[in-house]
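A.B. asks: My structure is stored as my_file-v2.txt, with compact mmCIF, C-alpha atoms.
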```
# COMPACT_ATOMS: atom_id res chain seq x y z
CA MET J 1401 24.77 12.88 15.20
CA ASP J 1402 26.87 9.70 14.97
CA PRO J 1403 26.25 7.26 12.06
CA ALA J 1404 24.59 4.60 14.19
CA ALA J 1405 22.05 7.04 15.59
CA ARG J 1406 21.28 8.37 12.13
CA VAL J 1407 20.75 4.84 10.83
CA VAL J 1408 18.41 4.07 13.72
CA ARG J 1409 16.37 7.21 13.07
CA ALA J 1410 16.24 6.47 9.37
CA LEU J 1411 15.21 2.85 9.63
CA TRP J 1412 12.64 2.97 12.42
CA PRO J 1413 9.30 2.71 10.54
CA GLY J 1414 7.98 5.98 11.89
CA GLY J 1415 10.98 7.70 10.38
CA CYS J 1416 10.65 6.58 6.77
CA ALA J 1417 7.32 8.10 5.84
CA LEU J 1418 5.21 10.86 7.31
CA ALA J 1419 4.24 13.82 5.13
CA TRP J 1420 5.61 16.92 3.48
CA ARG J 1421 4.28 20.43 3.20
CA LEU J 1422 2.91 21.15 -0.25
CA GLY J 1423 3.31 24.88 0.17
CA GLY J 1424 0.95 27.57 -1.04
CA ARG J 1425 -2.10 28.83 0.72
CA PRO J 1426 -4.13 26.53 3.03
CA GLN J 1427 -6.78 24.45 1.32
CA PRO J 1428 -10.01 22.91 2.60
CA LEU J 1429 -9.94 19.39 3.94
CA LEU J 1430 -12.36 18.13 1.30
CA PRO J 1431 -12.08 18.68 -2.46
CA THR J 1432 -14.86 20.01 -4.62
CA GLN J 1433 -18.02 17.97 -4.54
CA SER J 1434 -17.83 17.10 -8.22
CA ARG J 1435 -14.70 15.01 -7.60
CA ALA J 1436 -15.52 13.64 -4.15
CA GLY J 1437 -19.09 12.49 -4.70
CA PHE J 1438 -20.07 8.85 -4.56
CA ALA J 1439 -23.06 6.98 -5.85
CA GLY J 1440 -24.58 3.99 -4.12
CA ALA J 1441 -24.22 0.48 -5.43
CA ALA J 1442 -25.76 -0.03 -8.82
CA GLY J 1443 -28.83 -2.23 -8.80
CA GLY J 1444 -30.32 -4.48 -11.41
CA PRO J 1445 -29.64 -8.03 -12.47
CA SER J 1446 -26.36 -9.24 -13.88
CA PRO J 1447 -26.09 -10.05 -17.61
CA VAL J 1448 -26.35 -13.75 -16.81
CA ALA J 1449 -29.47 -13.20 -14.72
CA ALA J 1450 -30.97 -11.05 -17.47
CA ALA J 1451 -30.32 -13.77 -19.99
CA ARG J 1452 -32.11 -16.28 -17.81
CA LYS J 1453 -35.13 -14.07 -17.12
CA GLY J 1454 -38.05 -14.82 -19.40
CA SER J 1455 -36.64 -18.09 -20.70
CA PRO J 1456 -39.42 -20.43 -21.90
CA ARG J 1457 -40.39 -23.38 -19.77
CA LEU J 1458 -38.22 -26.34 -20.59
CA LEU J 1459 -40.25 -29.24 -21.94
CA GLY J 1460 -38.49 -32.57 -22.26
CA ALA J 1461 -34.90 -33.46 -22.77
CA ALA J 1462 -34.56 -31.63 -26.09
CA ALA J 1463 -35.81 -28.37 -24.64
CA LEU J 1464 -33.55 -28.84 -21.61
CA ALA J 1465 -30.55 -29.27 -23.86
CA LEU J 1466 -31.52 -26.23 -25.91
CA GLY J 1467 -31.99 -24.12 -22.77
CA GLY J 1468 -28.62 -25.24 -21.42
CA ALA J 1469 -26.93 -24.37 -24.69
CA LEU J 1470 -28.53 -20.92 -24.71
CA GLY J 1471 -27.46 -20.35 -21.11
CA LEU J 1472 -23.88 -21.30 -21.97
CA TYR J 1473 -24.00 -19.03 -25.01
CA HIS J 1474 -25.15 -16.00 -23.02
CA THR J 1475 -22.66 -16.74 -20.23
CA ALA J 1476 -19.80 -17.01 -22.71
CA ARG J 1477 -20.94 -13.86 -24.50
CA TRP J 1478 -21.06 -11.92 -21.23
CA HIS J 1479 -17.65 -13.26 -20.20
CA LEU J 1480 -16.08 -12.25 -23.52
CA ARG J 1481 -17.64 -8.80 -23.27
CA ALA J 1482 -16.22 -8.40 -19.76
CA GLN J 1483 -12.79 -9.34 -21.12
CA ASP J 1484 -13.17 -6.75 -23.90
CA LEU J 1485 -14.11 -4.06 -21.36
CA HIS J 1486 -11.13 -5.02 -19.19
CA ALA J 1487 -8.84 -4.80 -22.23
CA GLU J 1488 -10.26 -1.37 -23.09
CA ARG J 1489 -9.70 -0.12 -19.54
CA SER J 1490 -6.18 -1.59 -19.51
CA ALA J 1491 -5.37 0.16 -22.80
CA ALA J 1492 -6.68 3.46 -21.45
CA GLN J 1493 -4.67 3.01 -18.25
CA LEU J 1494 -1.55 2.17 -20.28
CA SER J 1495 -2.02 5.36 -22.29
CA LEU J 1496 -2.17 7.41 -19.10
CA SER J 1497 0.73 5.63 -17.41
CA SER J 1498 2.93 6.11 -20.48
CA ARG J 1499 2.74 9.86 -19.90
CA LEU J 1500 4.43 9.54 -16.53
CA GLN J 1501 8.09 9.09 -15.80
CA LEU J 1502 8.32 7.94 -12.20
CA THR J 1503 11.32 7.88 -9.90
CA LEU J 1504 10.98 6.31 -6.45
CA TYR J 1505 13.46 7.32 -3.74
CA GLN J 1506 13.40 4.64 -1.09
CA TYR J 1507 14.94 2.37 1.49
CA LYS J 1508 14.20 -1.10 0.20
CA THR J 1509 13.43 -2.45 3.67
CA CYS J 1510 11.07 0.39 4.64
CA PRO J 1511 7.47 -0.91 4.89
CA PHE J 1512 6.04 2.37 3.56
CA CYS J 1513 8.30 2.16 0.50
CA SER J 1514 7.31 -1.47 0.02
CA LYS J 1515 3.64 -0.42 -0.03
CA VAL J 1516 4.33 1.99 -2.89
CA ARG J 1517 6.29 -0.61 -4.87
CA ALA J 1518 3.45 -3.12 -4.48
CA PHE J 1519 1.01 -0.55 -5.89
CA LEU J 1520 3.27 0.45 -8.79
CA ASP J 1521 4.03 -3.15 -9.72
CA PHE J 1522 0.42 -4.32 -9.58
CA HIS J 1523 -0.66 -1.45 -11.81
CA ALA J 1524 2.26 -2.11 -14.19
CA LEU J 1525 3.59 1.42 -13.83
CA PRO J 1526 7.23 1.63 -14.94
CA TYR J 1527 9.49 3.40 -12.48
CA GLN J 1528 13.11 3.95 -11.65
CA VAL J 1529 14.38 3.17 -8.14
CA VAL J 1530 16.95 5.30 -6.35
CA GLU J 1531 18.17 3.60 -3.17
CA VAL J 1532 18.87 6.27 -0.57
CA ASN J 1533 21.85 6.06 1.73
CA PRO J 1534 20.20 6.26 5.19
CA VAL J 1535 23.19 8.04 6.74
CA ARG J 1536 24.09 10.74 4.22
CA ARG J 1537 20.81 10.84 2.24
CA ALA J 1538 22.61 12.70 -0.53
CA GLU J 1539 20.21 11.21 -3.07
CA ILE J 1540 17.37 13.36 -1.74
CA LYS J 1541 19.32 16.57 -1.13
CA PHE J 1542 17.03 18.23 -3.69
CA SER J 1543 14.12 17.89 -1.25
CA SER J 1544 13.36 19.80 1.92
CA TYR J 1545 11.39 16.71 2.94
CA ARG J 1546 14.00 14.28 4.28
CA LYS J 1547 12.07 11.04 4.65
CA VAL J 1548 11.18 8.30 2.21
CA PRO J 1549 9.35 7.33 0.13
CA ILE J 1550 9.56 10.25 -2.24
CA LEU J 1551 8.07 9.83 -5.70
CA VAL J 1552 8.97 12.29 -8.45
CA ALA J 1553 6.52 12.18 -11.35
CA GLN J 1554 7.43 13.83 -14.63
CA GLU J 1555 4.40 14.50 -16.83
CA GLY J 1556 5.43 16.39 -19.96
CA GLU J 1557 7.08 19.61 -18.83
CA SER J 1558 5.56 19.35 -15.36
CA SER J 1559 7.36 17.64 -12.47
CA GLN J 1560 5.58 16.82 -9.21
CA GLN J 1561 7.02 15.58 -5.94
CA LEU J 1562 4.72 13.30 -3.93
CA ASN J 1563 5.41 12.20 -0.37
CA ASP J 1564 3.65 9.99 2.18
CA SER J 1565 3.06 6.49 0.88
CA SER J 1566 -0.72 6.67 1.17
CA VAL J 1567 -0.89 10.01 -0.65
CA ILE J 1568 1.34 8.66 -3.41
CA ILE J 1569 -0.95 5.67 -3.86
CA SER J 1570 -4.22 7.61 -3.71
CA ALA J 1571 -3.00 10.32 -6.06
CA LEU J 1572 -1.70 7.89 -8.68
CA LYS J 1573 -4.82 5.71 -8.52
CA THR J 1574 -6.98 8.81 -8.96
CA TYR J 1575 -4.85 9.77 -11.95
CA LEU J 1576 -5.19 6.35 -13.57
CA VAL J 1577 -8.96 6.25 -13.15
CA SER J 1578 -9.92 9.86 -13.83
CA GLY J 1579 -7.17 11.14 -16.11
CA GLN J 1580 -7.03 14.44 -14.23
CA PRO J 1581 -3.67 16.25 -14.34
CA LEU J 1582 -1.48 15.06 -11.50
CA GLU J 1583 -0.66 18.66 -10.65
CA GLU J 1584 -4.35 19.21 -9.91
CA ILE J 1585 -4.83 15.92 -8.07
CA ILE J 1586 -2.18 16.59 -5.43
CA THR J 1587 -4.03 19.74 -4.36
CA TYR J 1588 -6.79 17.44 -3.04
CA TYR J 1589 -4.38 16.19 -0.34
CA PRO J 1590 -3.48 19.32 1.66
CA ALA J 1591 -0.70 19.24 4.22
CA MET J 1592 -1.64 20.03 7.81
CA LYS J 1593 0.50 20.62 10.87
CA ALA J 1594 -0.50 18.93 14.11
CA VAL J 1595 0.94 17.95 17.49
CA ASN J 1596 0.94 14.24 18.33
CA GLU J 1597 0.43 12.61 21.72
CA GLN J 1598 4.14 12.92 22.49
CA GLY J 1599 3.96 16.68 21.95
CA LYS J 1600 5.93 16.54 18.71
CA GLU J 1601 4.87 18.59 15.70
CA VAL J 1602 4.06 16.39 12.74
CA THR J 1603 2.74 16.94 9.23
CA GLU J 1604 -0.27 15.00 8.05
CA PHE J 1605 -2.35 14.99 4.88
CA GLY J 1606 -6.07 15.46 4.54
CA ASN J 1607 -8.04 12.91 2.54
CA LYS J 1608 -5.06 10.61 2.02
CA TYR J 1609 -7.13 7.43 1.89
CA TRP J 1610 -9.67 8.91 -0.55
CA LEU J 1611 -9.66 8.51 -4.30
CA MET J 1612 -10.89 11.80 -5.75
CA LEU J 1613 -13.42 10.48 -8.25
CA ASN J 1614 -16.79 11.51 -9.55
CA GLU J 1615 -19.81 9.25 -9.06
CA LYS J 1616 -19.38 7.31 -12.30
CA GLU J 1617 -15.67 6.71 -11.72
CA ALA J 1618 -16.22 5.66 -8.10
CA GLN J 1619 -18.90 3.22 -9.20
CA GLN J 1620 -16.50 1.77 -11.75
CA VAL J 1621 -13.79 1.22 -9.16
CA TYR J 1622 -15.82 0.08 -6.18
CA GLY J 1623 -19.26 -0.99 -7.30
CA GLY J 1624 -20.71 0.20 -3.99
CA LYS J 1625 -20.18 2.59 -1.10
CA GLU J 1626 -19.46 -0.21 1.37
CA ALA J 1627 -16.46 -1.42 -0.64
CA ARG J 1628 -14.97 2.06 -0.66
CA THR J 1629 -15.43 2.49 3.08
CA GLU J 1630 -13.92 -0.93 3.77
CA GLU J 1631 -10.86 -0.23 1.65
CA MET J 1632 -10.20 3.08 3.37
CA LYS J 1633 -10.65 1.57 6.83
CA TRP J 1634 -8.08 -1.17 6.26
CA ARG J 1635 -5.59 1.05 4.48
CA GLN J 1636 -5.57 3.24 7.57
CA TRP J 1637 -5.30 0.16 9.81
CA ALA J 1638 -2.17 -0.89 7.92
CA ASP J 1639 -0.60 2.53 8.59
CA ASP J 1640 -1.83 3.06 12.14
CA TRP J 1641 -1.37 -0.42 13.57
CA LEU J 1642 0.15 -3.10 11.36
CA VAL J 1643 3.30 -1.18 10.42
CA HIS J 1644 4.08 -0.58 14.10
CA LEU J 1645 4.28 -4.32 14.71
CA ILE J 1646 7.17 -4.81 12.29
CA SER J 1647 10.09 -3.32 14.23
CA PRO J 1648 9.27 -4.89 17.63
CA ASN J 1649 9.05 -8.28 15.92
CA VAL J 1650 12.13 -8.15 13.71
CA TYR J 1651 14.22 -6.69 16.59
CA ARG J 1652 12.60 -8.88 19.26
CA THR J 1653 15.82 -10.61 20.38
CA PRO J 1654 19.50 -9.71 19.91
CA THR J 1655 19.84 -12.53 17.37
CA GLU J 1656 16.82 -11.35 15.38
CA ALA J 1657 18.01 -7.75 15.54
CA LEU J 1658 21.40 -8.72 14.14
CA ALA J 1659 19.80 -10.78 11.38
CA SER J 1660 17.51 -7.87 10.52
CA PHE J 1661 20.35 -5.39 10.24
CA ASP J 1662 22.39 -7.85 8.22
CA TYR J 1663 19.47 -7.91 5.78
CA ILE J 1664 19.11 -4.10 5.87
CA VAL J 1665 22.81 -3.58 5.12
CA ARG J 1666 22.81 -6.22 2.40
CA GLU J 1667 19.78 -4.77 0.62
CA GLY J 1668 20.45 -1.10 1.32
CA LYS J 1669 23.03 1.40 0.12
CA PHE J 1670 25.86 1.59 2.64
CA GLY J 1671 29.58 2.14 2.46
CA ALA J 1672 31.83 -0.51 4.05
CA VAL J 1673 32.31 1.38 7.31
CA GLU J 1674 28.70 2.56 7.45
CA GLY J 1675 27.53 -1.00 6.88
CA ALA J 1676 29.60 -2.39 9.73
CA VAL J 1677 28.44 0.35 12.10
CA ALA J 1678 24.81 -0.12 11.06
CA LYS J 1679 24.91 -3.89 11.38
CA TYR J 1680 26.30 -4.14 14.90
CA MET J 1681 25.65 -0.84 16.64
CA GLY J 1682 22.34 -0.35 14.89
CA ALA J 1683 21.15 -3.83 15.79
CA ALA J 1684 21.99 -3.30 19.46
CA ALA J 1685 20.32 0.11 19.52
CA MET J 1686 17.14 -1.11 17.79
CA TYR J 1687 16.85 -4.07 20.14
CA LEU J 1688 16.90 -1.71 23.13
CA ILE J 1689 14.58 0.81 21.51
CA SER J 1690 12.03 -1.86 20.58
CA LYS J 1691 11.90 -2.99 24.19
CA ARG J 1692 11.35 0.55 25.43
CA LEU J 1693 8.69 1.41 22.88
CA LYS J 1694 6.62 -1.67 23.68
CA SER J 1695 5.33 0.07 26.79
CA ARG J 1696 4.16 3.24 25.06
CA GLN J 1697 0.47 3.94 25.44
CA VAL J 1698 0.06 4.75 21.74
CA HIS J 1699 1.08 1.27 20.60
CA ARG J 1700 0.96 -0.85 23.75
CA LEU J 1701 2.02 -4.38 22.88
CA GLN J 1702 1.95 -7.71 24.66
CA ASP J 1703 5.07 -9.08 26.33
CA ASN J 1704 5.32 -11.55 23.47
CA VAL J 1705 5.03 -9.21 20.48
CA ARG J 1706 4.57 -12.20 18.15
CA GLU J 1707 1.08 -12.57 19.56
CA ASP J 1708 0.19 -9.06 18.44
CA LEU J 1709 1.48 -9.86 14.97
CA TYR J 1710 -0.46 -13.12 14.82
CA GLU J 1711 -3.66 -11.47 16.02
CA ALA J 1712 -3.31 -8.71 13.43
CA ALA J 1713 -2.80 -11.22 10.62
CA ASP J 1714 -5.78 -13.33 11.58
CA LYS J 1715 -7.92 -10.22 12.02
CA TRP J 1716 -7.06 -9.25 8.46
CA VAL J 1717 -7.81 -12.74 7.13
CA ALA J 1718 -11.19 -12.70 8.90
CA ALA J 1719 -11.99 -9.33 7.33
CA VAL J 1720 -11.21 -10.68 3.86
CA GLY J 1721 -13.42 -13.69 4.59
CA LYS J 1722 -13.75 -17.07 2.92
CA ASP J 1723 -15.96 -16.04 0.01
CA ARG J 1724 -13.49 -13.88 -1.88
CA PRO J 1725 -9.79 -14.30 -2.69
CA PHE J 1726 -8.98 -10.66 -1.89
CA MET J 1727 -10.61 -7.82 0.00
CA GLY J 1728 -11.03 -6.28 -3.42
CA GLY J 1729 -12.98 -9.32 -4.64
CA GLN J 1730 -11.44 -11.02 -7.65
CA LYS J 1731 -8.38 -8.77 -7.64
CA PRO J 1732 -6.40 -6.98 -4.93
CA ASN J 1733 -7.59 -3.52 -3.94
CA LEU J 1734 -5.52 -0.81 -2.29
CA ALA J 1735 -5.99 -2.35 1.16
CA ASP J 1736 -4.72 -5.74 -0.06
CA LEU J 1737 -1.66 -4.08 -1.57
CA ALA J 1738 -0.99 -2.02 1.56
CA VAL J 1739 -1.12 -4.97 3.95
CA TYR J 1740 0.97 -7.11 1.59
CA GLY J 1741 3.54 -4.34 1.18
CA VAL J 1742 3.95 -3.89 4.92
CA LEU J 1743 4.37 -7.61 5.62
CA ARG J 1744 6.70 -8.22 2.68
CA VAL J 1745 9.62 -6.40 4.33
CA MET J 1746 9.92 -9.25 6.84
CA GLU J 1747 10.54 -11.92 4.19
CA GLY J 1748 13.65 -13.95 4.98
CA LEU J 1749 13.46 -13.21 8.71
CA ASP J 1750 12.25 -15.38 11.59
CA ALA J 1751 9.25 -13.12 12.19
CA PHE J 1752 7.96 -13.75 8.66
CA ASP J 1753 8.44 -17.52 8.90
CA ASP J 1754 6.63 -17.59 12.25
CA LEU J 1755 3.82 -15.47 10.82
CA MET J 1756 3.25 -17.88 7.93
CA GLN J 1757 3.37 -20.89 10.24
CA HIS J 1758 1.15 -19.70 13.09
CA THR J 1759 -1.61 -17.80 11.27
CA HIS J 1760 -3.97 -18.33 8.35
CA ILE J 1761 -2.54 -15.54 6.22
CA GLN J 1762 -0.28 -17.50 3.88
CA PRO J 1763 -2.86 -18.42 1.18
CA TRP J 1764 -3.97 -14.80 0.85
CA TYR J 1765 -0.36 -13.57 0.88
CA LEU J 1766 0.64 -15.93 -1.92
CA ARG J 1767 -2.39 -14.92 -4.00
CA VAL J 1768 -1.41 -11.25 -3.79
CA GLU J 1769 2.20 -12.10 -4.59
CA ARG J 1770 1.10 -14.03 -7.66
CA ALA J 1771 -1.24 -11.24 -8.80
CA ILE J 1772 1.58 -8.68 -8.59
CA THR J 1773 4.03 -10.96 -10.40
CA GLU J 1774 1.58 -11.61 -13.22
CA ALA J 1775 0.80 -7.90 -13.57
CA SER J 1776 4.41 -6.70 -13.61
CA PRO J 1777 6.98 -9.48 -14.02
CA ALA J 1778 9.74 -6.92 -14.61
CA HIS J 1779 9.69 -5.94 -10.91
```
Can you give me the file's structure in the form of structure tokens?
C.D. replies:
Amino acid sequence: MDPAARVVRALWPGGCALAWRLGGRPQPLLPTQSRAGFAGAAGGPSPVAAARKGSPRLLGAAALALGGALGLYHTARWHLRAQDLHAERSAAQLSLSSRLQLTLYQYKTCPFCSKVRAFLDFHALPYQVVEVNPVRRAEIKFSSYRKVPILVAQEGESSQQLNDSSVIISALKTYLVSGQPLEEIITYYPAMKAVNEQGKEVTEFGNKYWLMLNEKEAQQVYGGKEARTEEMKWRQWADDWLVHLISPNVYRTPTEALASFDYIVREGKFGAVEGAVAKYMGAAAMYLISKRLKSRQVHRLQDNVREDLYEAADKWVAAVGKDRPFMGGQKPNLADLAVYGVLRVMEGLDAFDDLMQHTHIQPWYLRVERAITEASPAH
């Protein structure tokens, strides 16, 4: 296969992350009930509401002032306690994360790889990056799985290879919350062979949008069943729909295709000859491929693919709503990080500028960006 064709195959979003076969005997689709159970939303009043309940009737200005002071006291006390609990959870998470040595094999401009980096950075998980040459891929010759991202996690004497961006994220989040051995966690995401609508055999993972938590842990993370369902729904939407809008938009015209490959070559790991071939031949090939794939039934797009991108962005913003800064509430959840990671690969290109200008997504996008920066300034 000539270098240009190999670059095209490597850099088309469908080619940078699918799944890998874990090996061993087949496993059931669902894990044991003790790890997969989920309790409903906890009821009962908040600490502030409890403090207010039973307060004496306020008589006169003095009593009003006293009641206000007591309310402020209880509110401040609850707020400080919440900060203490957050600090305790952060310390516990830091203890767990310090046991892991993570190495991420990636293409920087791959949306699936960007999703994983957004997760790792937000959770302040240190990791080493190995940029893979998309032509030779010598950096991942140790692996029978030949796509990225690949995450190698060293935990003591045990080394685990995780593939598929959503499995990587779910497995690591489960590890951080539950403290289960990572070697055990990855068995909850069994590999399965299937044939897609084009008749091609593909490998998928069971449960890849699930966090494998017991009832108490799930309640801690989500607070309610609806939040868990919502997060899973939109994580899958990012993989099944949003990511497939990136290539048609960044390769929409010959000029945009050339600009995109200039960015790919600049940020990626190419030799001088490979870079020149990728930039010009790859750009031409991807422009033609993007036009042909627009008509596929699986991802049928409008003639103006920007409209699909705009509609997707505004659909996401509507799902987040006006009453919360993130889908996760006061902090990004896994769906926020997935959508942000997918869109981030377009930064610096016309498609990204148009997206910010013609939709309502920019305020949310900047909030996620700020949250990740504050959590992990090193990356």
A.B. asks: Just want the 12 Å neighbourhood of stretch 1757-1761 of chain J, counted on all atoms listed in the file, with same-chain residues fewer than 5 positions away dropped. Output as a JSON list (two decimals) with C-alpha atoms, in the frame of the given file.
C.D. replies:
```
[["chain", "number", "residue", "atom", "x", "y", "z"],
["J", 1706, "ARG", "CA", 4.57, -12.20, 18.15],
["J", 1707, "GLU", "CA", 1.08, -12.57, 19.56],
["J", 1708, "ASP", "CA", 0.19, -9.06, 18.44],
["J", 1709, "LEU", "CA", 1.48, -9.86, 14.97],
["J", 1710, "TYR", "CA", -0.46, -13.12, 14.82],
["J", 1711, "GLU", "CA", -3.66, -11.47, 16.02],
["J", 1712, "ALA", "CA", -3.31, -8.71, 13.43],
["J", 1713, "ALA", "CA", -2.80, -11.22, 10.62],
["J", 1714, "ASP", "CA", -5.78, -13.33, 11.58],
["J", 1715, "LYS", "CA", -7.92, -10.22, 12.02],
["J", 1716, "TRP", "CA", -7.06, -9.25, 8.46],
["J", 1717, "VAL", "CA", -7.81, -12.74, 7.13],
["J", 1718, "ALA", "CA", -11.19, -12.70, 8.90],
["J", 1719, "ALA", "CA", -11.99, -9.33, 7.33],
["J", 1720, "VAL", "CA", -11.21, -10.68, 3.86],
["J", 1721, "GLY", "CA", -13.42, -13.69, 4.59],
["J", 1722, "LYS", "CA", -13.75, -17.07, 2.92],
["J", 1725, "PRO", "CA", -9.79, -14.30, -2.69],
["J", 1726, "PHE", "CA", -8.98, -10.66, -1.89],
["J", 1736, "ASP", "CA", -4.72, -5.74, -0.06],
["J", 1739, "VAL", "CA", -1.12, -4.97, 3.95],
["J", 1740, "TYR", "CA", 0.97, -7.11, 1.59],
["J", 1743, "LEU", "CA", 4.37, -7.61, 5.62],
["J", 1750, "ASP", "CA", 12.25, -15.38, 11.59],
["J", 1751, "ALA", "CA", 9.25, -13.12, 12.19],
["J", 1752, "PHE", "CA", 7.96, -13.75, 8.66],
["J", 1766, "LEU", "CA", 0.64, -15.93, -1.92],
["J", 1767, "ARG", "CA", -2.39, -14.92, -4.00],
["J", 1768, "VAL", "CA", -1.41, -11.25, -3.79]]
```
A.B. asks: With 12 Å as the cut-off and only C-alpha atoms counted, what is the closest atom pair between each nearby residue of stretch 1714-1747 of chain J and stretch 1658-1663 of chain J? Distances in Å to one decimal, ordered by chain and number, as CSV.
C.D. replies:
```
residue,atom,partner,partner_atom,distance
J:Val1745,CA,J:Tyr1663,CA,10.1
J:Met1746,CA,J:Ser1660,CA,8.5
J:Glu1747,CA,J:Tyr1663,CA,9.9
```
A.B. asks: What does the distance between atom CA of J:Glu1656 and atom CA of J:Leu1642 come to in Å, to one decimal place?
C.D. replies: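 Atom CA of J:Glu1656 sits 19.0 Å away from atom CA of J:Leu1642.
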A.B. asks: Which one is closest to J:Glu1557: J:Glu1583, J:Gly1668, J:Pro1654, J:Phe1605? Count only C-alpha atoms.
C.D. replies: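 Answer, going by the shortest atom-to-atom distance: J:Glu1583.
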A.B. asks: Could you check how far atom CA of J:Leu1737 sits from atom CA of J:Gln1619, in Å to one decimal?
C.D. replies: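 Calculated distance between atom CA of J:Leu1737 and atom CA of J:Gln1619 is 20.2 Å.
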A.B. asks: Determine the nearest neighbour of J:Glu1667 from the options J:Val1552, J:Cys1510, J:Leu1576, J:Leu1500, counting all atoms listed in the file.
C.D. replies: J:Cys1510
A.B. asks: So what do you get for atom CA of J:Phe1542 versus atom CA of J:Tyr1505, distance-wise?
C.D. replies: 11.5 Å
A.B. asks: Which residue is closest to J:Ser1559? Choose from J:Thr1574, J:Asn1614, J:Thr1503, J:Thr1509 and count only C-alpha atoms.
C.D. replies: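 Once distances to J:Ser1559 are computed over only C-alpha atoms, the minimum belongs to J:Thr1503.
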A.B. asks: Looking at only C-alpha atoms, which of J:Tyr1609, J:Leu1562, J:Pro1590, J:Ala1771 is the one that sits closest to J:Trp1637?
C.D. replies: J:Tyr1609
A.B. asks: Counting only C-alpha atoms, figure out which residue out of J:Gly1729, J:Pro1549, J:Gly1556, J:Pro1763 gets nearest to J:Ile1569.
C.D. replies: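 Closest residue, counting only C-alpha atoms: J:Pro1549.
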A.B. asks: Mind giving me the axis-aligned box for stretch 1704-1720 of chain J with 5 Å on every side, centre plus edges in Å to one decimal, as lines of an AutoDock Vina configuration file?
C.D. replies:
```
center_x = -3.3
center_y = -11.0
center_z = 13.7
size_x = 27.3
size_y = 14.6
size_z = 29.6
```
A.B. asks: Leaving out J:Ala1775 and any residue of its chain fewer than 2 positions from it, which residues lie within 8 Å of it when counting all atoms listed in the file, given as number ranges by chain?
C.D. replies: J: 1521-1524, 1771-1773, 1777
A.B. asks: From the set J:Met1727, J:Ile1550, J:Ile1568, J:Val1705, which residue has the shortest atom-to-atom contact distance to J:Tyr1589, counting all atoms listed in the file?
C.D. replies: J:Ile1568
